[in-house]
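Okay, structure first, notes after.
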There are 2 protein chains.
Amino acid sequence: MLAKELDQAFKNLTTNQEWICLSSVNASGMPETRAMINLANPKLFPTLQKFFADGFAAYFSTNTSSEKMQQLTANSKASAYYYNAGTFEGLLLMGEMEIITDKRMKKDFWQDNWTMYYKKGVDDPDYTLLKLIPRSYKYYNGNFEVKSGDF
Amino acid sequence: MLAKELDQAFKNLTTNQEWICLSSVNASGMPETRAMINLANPKLFPTLQKFFADGFAAYFSTNTSSEKMQQLTANSKASAYYYNAGTFEGLLLMGEMEIITDKRMKKDFWQDNWTMYYKKGVDDPDYTLLKLIPRSYKYYNGNFEVKSGDF
């Protein structure tokens with residue numbers, strides 16, 4: 001279990017940032033990173049807070065047809081990186097990416113304006129919901145200290 | 001060669017951002033990402049502009065003793081990701097990381113306040129200068145289009 005101070009720092013970082021760097025490894029073994037909207041941010045996604053009450057799993061919505069899905073299907077190793085440019089704190093969560101197939105959960109996450117990404121709505125086969133279950137972390141406290149460990 | 005409009009977009013992204021997400025792959029095959037200061041930003045590093053006049057090589061200074069150096073020494077595949085949260089543009093540059101051993105170049109990059117990272121100054125063996133030579137790119141134009149290619 002995380003020490004209380006780490007737990008609070010992780011909670012702050014994973015909820016205050018607007019976007020997350022999601023990294024995967026492509027077929028050439030190259031790390032690929034892209035910014036993803038942070039679904040755990042309560043200002044951006046007030047209806048999703050219940051999914052982030054415990055632990056630090058990260059969720060992402062993406063197009064089933066995207067290259068990142070090809071990568072993650074072939075190699076589920078992935079990381080989520082949260083950075084606070086004001087405090088220089090950074091948190092890297094590393095684990096395996098799961099594809100959520102549960103229809104109720106996909107519906108619970110659905111936001112009305114996501115039709116701009118998935119034209120057919122919540123049942124669009126191009127709508128994929130991903131869950132990164134972190135197994136280990138590296139936390140940069142912004143003052144030259146790194147703490148790492150397993151969950 | 002890059003089309004003129006892409007070249008300009010890349011130039012903007014690689015010089016306007018204050019920090020870059022540098023990703024490597026660790027010994028477990030997991031992608032690791034961390035924020036690094038953008039040495040190509042002319043407001044932050046006016047003395048370094050000559051090194052960024054041509055092409056899109058990215059430079060990073062880091063501690064020789066850092067975990068990222070262990071990773072990059074074992075596996076030089078790396079990427080640099082630039083994101084503009086205002087326009088949603090993103091640029092991923094993928095390539096191989098080189099360790100710069102040329103002492104003159106390390107001296108040219110040296111900034112006086114880097115003694116906070118490398119106490120012994122420019123000759124500190126813990127001071128490493130890295131160069132990412134991009135071989136391919138993915139550019140997200142912020143409007144649902146991705147362009148990718150090789151340099």
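For the structure tokens, the naming scheme is as follows: chains receive sequential letters (A, B, ...) according to their order of presentation, residues are indexed from 1 within each chain, and ligands are indexed from 1 in presentation order.
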
- Using only C-alpha atoms, determine which residues of chain B fall within 6 Å of chain A; present them as an MDAnalysis selection string. chainID B and resid 30:31 77

Could the residues in this selection be saved with N, CA and C atoms as a PDB file, in the first residue's frame?
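And here is the file that came out, again.pdb:
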```pdb
ATOM      1  N   MET B  30       8.685  -2.016 -21.143  1.00  0.00           N
ATOM      2  CA  MET B  30       7.636  -1.047 -20.800  1.00  0.00           C
ATOM      3  C   MET B  30       8.060   0.350 -21.279  1.00  0.00           C
ATOM      4  N   PRO B  31       7.150   1.083 -21.908  1.00  0.00           N
ATOM      5  CA  PRO B  31       7.500   2.441 -22.307  1.00  0.00           C
ATOM      6  C   PRO B  31       7.531   3.372 -21.104  1.00  0.00           C
ATOM      7  N   LYS B  77      16.296   3.119 -28.912  1.00  0.00           N
ATOM      8  CA  LYS B  77      15.049   3.584 -29.528  1.00  0.00           C
ATOM      9  C   LYS B  77      14.331   4.549 -28.587  1.00  0.00           C
TER      10      LYS B  77
END
```

- Using only C-alpha atoms, which residues sit within 12 Å of B:Leu44 once same-chain residues fewer than 2 positions away are excluded, as a list in words? Thr15, Asn16, Gln17, Glu18, Trp19, Ile37, Asn38, Leu39, Ala40, Asn41, Pro42, Pro46, Thr47, Leu48, Gln49 and Gln111 of chain B

- Task: Using DSSP on the backbone coordinates, identify the residues of stretch 29-141 of chain A assigned to alpha helix (DSSP H); present them as a list in words.
- Result: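 After running DSSP on the backbone, stretch 29-141 of chain A has alpha helix (DSSP H) at Glu67, Lys68, Met69, Gln70, Gln71, Leu72, Thr73, Ala74, Lys103, Arg104, Met105, Lys106, Lys107, Asp108 and Phe109 of chain A.
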
Next, the residues of the selection above should be written as a short mmCIF file (atom, residue, chain, number, x, y, z; two decimals), in the first residue's frame with all heavy atoms.
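Saved to part.cif:
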```
data_model
loop_
_atom_site.label_atom_id
_atom_site.label_comp_id
_atom_site.auth_asym_id
_atom_site.auth_seq_id
_atom_site.Cartn_x
_atom_site.Cartn_y
_atom_site.Cartn_z
N GLU A 67 -4.15 3.69 -34.80
CA GLU A 67 -2.88 2.96 -34.74
C GLU A 67 -2.54 2.55 -33.32
O GLU A 67 -1.93 1.51 -33.08
CB GLU A 67 -1.75 3.81 -35.33
CG GLU A 67 -1.80 3.87 -36.84
CD GLU A 67 -0.56 4.52 -37.45
OE1 GLU A 67 0.51 4.49 -36.82
OE2 GLU A 67 -0.69 5.07 -38.56
N LYS A 68 -2.91 3.39 -32.36
CA LYS A 68 -2.58 3.02 -30.97
C LYS A 68 -3.28 1.72 -30.58
O LYS A 68 -2.74 0.93 -29.82
CB LYS A 68 -2.89 4.17 -30.00
CG LYS A 68 -4.28 4.22 -29.44
CD LYS A 68 -4.47 5.24 -28.35
CE LYS A 68 -4.50 6.67 -28.82
NZ LYS A 68 -5.54 6.99 -29.84
N MET A 69 -4.48 1.49 -31.13
CA MET A 69 -5.18 0.24 -30.82
C MET A 69 -4.47 -0.96 -31.43
O MET A 69 -4.38 -2.02 -30.82
CB MET A 69 -6.63 0.31 -31.31
CG MET A 69 -7.54 1.09 -30.38
SD MET A 69 -7.52 0.44 -28.68
CE MET A 69 -8.25 -1.19 -28.94
N GLN A 70 -3.95 -0.78 -32.63
CA GLN A 70 -3.14 -1.87 -33.23
C GLN A 70 -1.96 -2.19 -32.32
O GLN A 70 -1.65 -3.35 -32.05
CB GLN A 70 -2.60 -1.45 -34.59
CG GLN A 70 -3.65 -1.33 -35.69
CD GLN A 70 -3.04 -0.80 -36.99
OE1 GLN A 70 -1.88 -1.03 -37.28
NE2 GLN A 70 -3.84 -0.07 -37.75
N GLN A 71 -1.31 -1.13 -31.84
CA GLN A 71 -0.14 -1.33 -30.98
C GLN A 71 -0.52 -2.01 -29.67
O GLN A 71 0.15 -2.94 -29.23
CB GLN A 71 0.53 0.02 -30.69
CG GLN A 71 1.19 0.63 -31.91
CD GLN A 71 1.63 2.06 -31.68
OE1 GLN A 71 1.84 2.47 -30.55
NE2 GLN A 71 1.79 2.81 -32.75
N LEU A 72 -1.58 -1.53 -29.07
CA LEU A 72 -1.94 -2.05 -27.74
C LEU A 72 -2.53 -3.45 -27.82
O LEU A 72 -2.42 -4.23 -26.86
CB LEU A 72 -2.93 -1.08 -27.06
CG LEU A 72 -2.30 0.25 -26.64
CD1 LEU A 72 -3.36 1.28 -26.31
CD2 LEU A 72 -1.35 0.05 -25.45
N THR A 73 -3.13 -3.78 -28.94
CA THR A 73 -3.63 -5.14 -29.12
C THR A 73 -2.46 -6.11 -29.28
O THR A 73 -2.47 -7.22 -28.74
CB THR A 73 -4.55 -5.19 -30.36
OG1 THR A 73 -5.60 -4.23 -30.19
CG2 THR A 73 -5.17 -6.56 -30.51
N ALA A 74 -1.43 -5.67 -29.98
CA ALA A 74 -0.25 -6.52 -30.18
C ALA A 74 0.64 -6.56 -28.94
O ALA A 74 1.30 -7.56 -28.66
CB ALA A 74 0.56 -6.01 -31.38
N LYS A 103 -20.64 -3.47 -22.02
CA LYS A 103 -21.44 -2.42 -22.68
C LYS A 103 -21.98 -1.39 -21.70
O LYS A 103 -22.09 -0.21 -22.01
CB LYS A 103 -22.60 -3.04 -23.47
CG LYS A 103 -22.12 -3.69 -24.75
CD LYS A 103 -23.27 -3.96 -25.71
CE LYS A 103 -22.72 -4.53 -27.01
NZ LYS A 103 -23.75 -4.63 -28.05
N ARG A 104 -22.32 -1.87 -20.50
CA ARG A 104 -22.85 -0.93 -19.51
C ARG A 104 -21.78 0.09 -19.12
O ARG A 104 -22.04 1.29 -19.00
CB ARG A 104 -23.34 -1.68 -18.27
CG ARG A 104 -23.82 -0.72 -17.18
CD ARG A 104 -24.41 -1.44 -16.00
NE ARG A 104 -25.63 -2.14 -16.35
CZ ARG A 104 -26.40 -2.79 -15.49
NH1 ARG A 104 -26.06 -2.82 -14.20
NH2 ARG A 104 -27.49 -3.40 -15.86
N MET A 105 -20.56 -0.41 -18.96
CA MET A 105 -19.48 0.49 -18.57
C MET A 105 -19.17 1.49 -19.70
O MET A 105 -18.95 2.68 -19.44
CB MET A 105 -18.24 -0.33 -18.23
CG MET A 105 -17.24 0.46 -17.45
SD MET A 105 -16.20 -0.64 -16.48
CE MET A 105 -15.35 0.58 -15.48
N LYS A 106 -19.17 1.00 -20.90
CA LYS A 106 -18.94 1.91 -22.03
C LYS A 106 -20.02 2.99 -22.08
O LYS A 106 -19.76 4.15 -22.40
CB LYS A 106 -18.90 1.13 -23.35
CG LYS A 106 -17.65 0.27 -23.49
CD LYS A 106 -17.61 -0.50 -24.81
CE LYS A 106 -17.33 0.42 -25.98
NZ LYS A 106 -17.20 -0.36 -27.24
N LYS A 107 -21.23 2.58 -21.75
CA LYS A 107 -22.35 3.54 -21.73
C LYS A 107 -22.18 4.54 -20.58
O LYS A 107 -22.46 5.73 -20.73
CB LYS A 107 -23.66 2.77 -21.59
CG LYS A 107 -24.86 3.53 -22.12
CD LYS A 107 -26.10 2.62 -22.22
CE LYS A 107 -27.29 3.41 -22.70
NZ LYS A 107 -28.49 2.56 -22.86
N ASP A 108 -21.74 4.03 -19.44
CA ASP A 108 -21.52 4.92 -18.29
C ASP A 108 -20.47 6.00 -18.59
O ASP A 108 -20.55 7.12 -18.09
CB ASP A 108 -21.08 4.12 -17.07
CG ASP A 108 -22.24 3.40 -16.40
OD1 ASP A 108 -23.40 3.77 -16.67
OD2 ASP A 108 -21.98 2.48 -15.60
N PHE A 109 -19.46 5.63 -19.37
CA PHE A 109 -18.41 6.60 -19.69
C PHE A 109 -18.83 7.57 -20.80
O PHE A 109 -18.27 8.66 -20.91
CB PHE A 109 -17.12 5.88 -20.11
CG PHE A 109 -16.19 5.62 -18.97
CD1 PHE A 109 -16.37 4.51 -18.15
CD2 PHE A 109 -15.14 6.47 -18.68
CE1 PHE A 109 -15.52 4.26 -17.08
CE2 PHE A 109 -14.28 6.24 -17.62
CZ PHE A 109 -14.47 5.14 -16.82
#
```

- Message: So that I can check the surroundings of B:Gly55, please list as a list in words every protein, DNA and RNA residue that reaches within 12 Å of it, counting only C-alpha atoms and ignoring chain neighbours fewer than 5 positions away.
- Response: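 Counting only the stated atoms, we get Met1, Leu2, Asp7, Gln8, Phe10, Lys11, Thr14, Thr15, Ala40, Lys50, Leu93, Leu132, Ile133, Pro134, Arg135 and Phe151 of chain B.
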
For the residues selected in the previous step, produce a file with all heavy atoms as a short mmCIF file (atom, residue, chain, number, x, y, z; two decimals), in the first residue's frame.
```
data_model
loop_
_atom_site.label_atom_id
_atom_site.label_comp_id
_atom_site.auth_asym_id
_atom_site.auth_seq_id
_atom_site.Cartn_x
_atom_site.Cartn_y
_atom_site.Cartn_z
N MET B 1 11.97 15.08 -48.30
CA MET B 1 11.93 16.40 -47.65
C MET B 1 10.49 16.72 -47.24
O MET B 1 9.54 16.36 -47.93
CB MET B 1 12.47 17.47 -48.60
CG MET B 1 13.17 18.59 -47.88
SD MET B 1 13.89 19.80 -49.04
CE MET B 1 12.54 20.95 -49.24
N LEU B 2 10.35 17.42 -46.14
CA LEU B 2 9.02 17.77 -45.64
C LEU B 2 8.38 18.85 -46.50
O LEU B 2 9.05 19.77 -46.96
CB LEU B 2 9.14 18.34 -44.22
CG LEU B 2 9.35 17.36 -43.07
CD1 LEU B 2 9.52 18.15 -41.78
CD2 LEU B 2 8.17 16.41 -42.94
N ASP B 7 6.88 21.48 -42.43
CA ASP B 7 8.14 21.99 -41.89
C ASP B 7 7.89 23.14 -40.93
O ASP B 7 8.46 23.19 -39.83
CB ASP B 7 9.02 22.43 -43.06
CG ASP B 7 10.44 22.74 -42.62
OD1 ASP B 7 11.19 21.78 -42.36
OD2 ASP B 7 10.79 23.93 -42.51
N GLN B 8 7.00 24.05 -41.31
CA GLN B 8 6.70 25.19 -40.44
C GLN B 8 5.98 24.76 -39.17
O GLN B 8 6.29 25.24 -38.07
CB GLN B 8 5.84 26.21 -41.21
CG GLN B 8 5.67 27.53 -40.48
CD GLN B 8 7.00 28.21 -40.13
OE1 GLN B 8 7.85 28.38 -40.99
NE2 GLN B 8 7.22 28.55 -38.86
N PHE B 10 6.19 21.86 -37.70
CA PHE B 10 7.16 21.16 -36.85
C PHE B 10 8.07 22.17 -36.15
O PHE B 10 8.40 22.02 -34.98
CB PHE B 10 8.02 20.21 -37.68
CG PHE B 10 7.32 18.97 -38.18
CD1 PHE B 10 5.93 18.90 -38.22
CD2 PHE B 10 8.05 17.88 -38.63
CE1 PHE B 10 5.28 17.76 -38.70
CE2 PHE B 10 7.41 16.74 -39.10
CZ PHE B 10 6.03 16.68 -39.13
N LYS B 11 8.48 23.19 -36.92
CA LYS B 11 9.37 24.21 -36.35
C LYS B 11 8.67 24.89 -35.17
O LYS B 11 9.27 25.11 -34.12
CB LYS B 11 9.72 25.23 -37.44
CG LYS B 11 10.93 26.08 -37.12
CD LYS B 11 12.21 25.28 -37.25
CE LYS B 11 13.42 26.03 -36.70
NZ LYS B 11 14.59 25.14 -36.55
N THR B 14 8.34 22.40 -32.15
CA THR B 14 9.59 22.00 -31.50
C THR B 14 10.30 23.17 -30.83
O THR B 14 11.23 22.96 -30.06
CB THR B 14 10.56 21.33 -32.49
OG1 THR B 14 10.80 22.21 -33.59
CG2 THR B 14 10.00 20.01 -32.97
N THR B 15 9.87 24.40 -31.11
CA THR B 15 10.54 25.53 -30.45
C THR B 15 9.64 26.26 -29.45
O THR B 15 10.15 26.88 -28.52
CB THR B 15 11.03 26.57 -31.49
OG1 THR B 15 9.92 27.00 -32.29
CG2 THR B 15 12.10 25.97 -32.38
N ALA B 40 15.45 23.59 -27.26
CA ALA B 40 15.26 24.32 -28.52
C ALA B 40 14.38 25.56 -28.37
O ALA B 40 14.19 26.30 -29.32
CB ALA B 40 14.65 23.40 -29.58
N LYS B 50 21.68 28.04 -32.41
CA LYS B 50 22.42 27.59 -33.61
C LYS B 50 22.34 26.08 -33.80
O LYS B 50 22.47 25.59 -34.93
CB LYS B 50 23.87 28.05 -33.52
CG LYS B 50 24.62 27.49 -32.32
CD LYS B 50 26.06 28.03 -32.27
CE LYS B 50 26.73 27.63 -30.96
NZ LYS B 50 28.08 28.17 -30.81
N LEU B 93 8.35 12.53 -32.67
CA LEU B 93 9.57 12.27 -33.45
C LEU B 93 10.21 11.00 -32.92
O LEU B 93 10.48 10.90 -31.71
CB LEU B 93 10.56 13.44 -33.31
CG LEU B 93 10.07 14.80 -33.79
CD1 LEU B 93 11.14 15.87 -33.55
CD2 LEU B 93 9.68 14.76 -35.27
N LEU B 132 18.71 13.13 -30.02
CA LEU B 132 17.75 12.24 -30.69
C LEU B 132 17.69 12.62 -32.16
O LEU B 132 17.27 13.74 -32.50
CB LEU B 132 16.36 12.35 -30.07
CG LEU B 132 15.28 11.48 -30.74
CD1 LEU B 132 15.55 10.00 -30.51
CD2 LEU B 132 13.90 11.84 -30.22
N ILE B 133 18.10 11.70 -33.01
CA ILE B 133 18.05 11.94 -34.45
C ILE B 133 16.77 11.31 -34.97
O ILE B 133 16.65 10.09 -35.01
CB ILE B 133 19.28 11.34 -35.14
CG1 ILE B 133 20.54 11.94 -34.52
CG2 ILE B 133 19.23 11.56 -36.64
CD1 ILE B 133 21.81 11.29 -34.97
N PRO B 134 15.81 12.14 -35.32
CA PRO B 134 14.52 11.56 -35.71
C PRO B 134 14.59 10.92 -37.09
O PRO B 134 15.17 11.47 -38.02
CB PRO B 134 13.57 12.76 -35.70
CG PRO B 134 14.42 13.97 -35.78
CD PRO B 134 15.79 13.62 -35.31
N ARG B 135 14.02 9.74 -37.19
CA ARG B 135 13.96 9.02 -38.47
C ARG B 135 12.55 9.02 -39.03
O ARG B 135 12.36 8.83 -40.22
CB ARG B 135 14.42 7.57 -38.27
CG ARG B 135 15.83 7.42 -37.75
CD ARG B 135 16.85 8.00 -38.70
NE ARG B 135 18.22 7.80 -38.20
CZ ARG B 135 19.26 8.54 -38.58
NH1 ARG B 135 19.10 9.52 -39.45
NH2 ARG B 135 20.47 8.31 -38.08
N PHE B 151 11.94 10.87 -42.30
CA PHE B 151 12.80 12.00 -42.67
C PHE B 151 13.84 11.56 -43.71
O PHE B 151 14.18 10.38 -43.78
CB PHE B 151 13.53 12.53 -41.42
CG PHE B 151 12.62 13.31 -40.51
CD1 PHE B 151 12.13 12.73 -39.33
CD2 PHE B 151 12.23 14.60 -40.82
CE1 PHE B 151 11.30 13.44 -38.50
CE2 PHE B 151 11.39 15.31 -39.97
CZ PHE B 151 10.92 14.71 -38.81
#
```

- Using the chain letters and numbers from this document, which residues of stretch 15-58 of chain B does DSSP assign to strand (DSSP E), as a list in words?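 Strand (DSSP E) assignments inside stretch 15-58 of chain B correspond to Trp19, Ile20, Cys21, Leu22, Ser23, Ser24, Val25, Pro31, Glu32, Thr33, Arg34, Ala35, Met36, Ile37 and Ala58 of chain B.
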
- Message: If I take atom CA of B:Glu98 and atom CA of B:Asn141, how far is one from the other in Å, to one decimal?
- Response: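 Taking atom CA of B:Glu98 and atom CA of B:Asn141, their separation equals 28.5 Å.
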
- Any idea what the distance is between atom CA of B:Thr62 and atom CA of B:Asn12?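 That distance, rounded to one decimal, is 24.2 Å.
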
- Query: Separation of atom CA of A:Ile99 and atom CA of A:Lys131, in Å?
  - Reply: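 Separating atom CA of A:Ile99 from atom CA of A:Lys131 is a distance of 6.4 Å.
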
- Can you pull out every residue within 8 Å of A:Ser61, counting only C-alpha atoms, but drop anything in the same chain fewer than 4 positions away, and send it as a PyMOL selection string? chain A and resi 127-130

Export of the given selection (N, CA and C atoms) as an mmCIF file, in the first residue's frame:
```cif
data_model
loop_
_atom_site.group_PDB
_atom_site.id
_atom_site.type_symbol
_atom_site.label_atom_id
_atom_site.label_comp_id
_atom_site.auth_asym_id
_atom_site.auth_seq_id
_atom_site.Cartn_x
_atom_site.Cartn_y
_atom_site.Cartn_z
ATOM 1 N N TYR A 127 -15.911 3.027 -31.249
ATOM 2 C CA TYR A 127 -15.722 3.542 -29.877
ATOM 3 C C TYR A 127 -15.115 2.453 -29.003
ATOM 4 N N THR A 128 -13.917 2.697 -28.545
ATOM 5 C CA THR A 128 -13.249 1.764 -27.634
ATOM 6 C C THR A 128 -12.956 2.468 -26.314
ATOM 7 N N LEU A 129 -13.165 1.728 -25.234
ATOM 8 C CA LEU A 129 -12.814 2.224 -23.909
ATOM 9 C C LEU A 129 -11.661 1.370 -23.383
ATOM 10 N N LEU A 130 -10.626 2.038 -22.928
ATOM 11 C CA LEU A 130 -9.422 1.351 -22.453
ATOM 12 C C LEU A 130 -9.222 1.601 -20.967
#
```
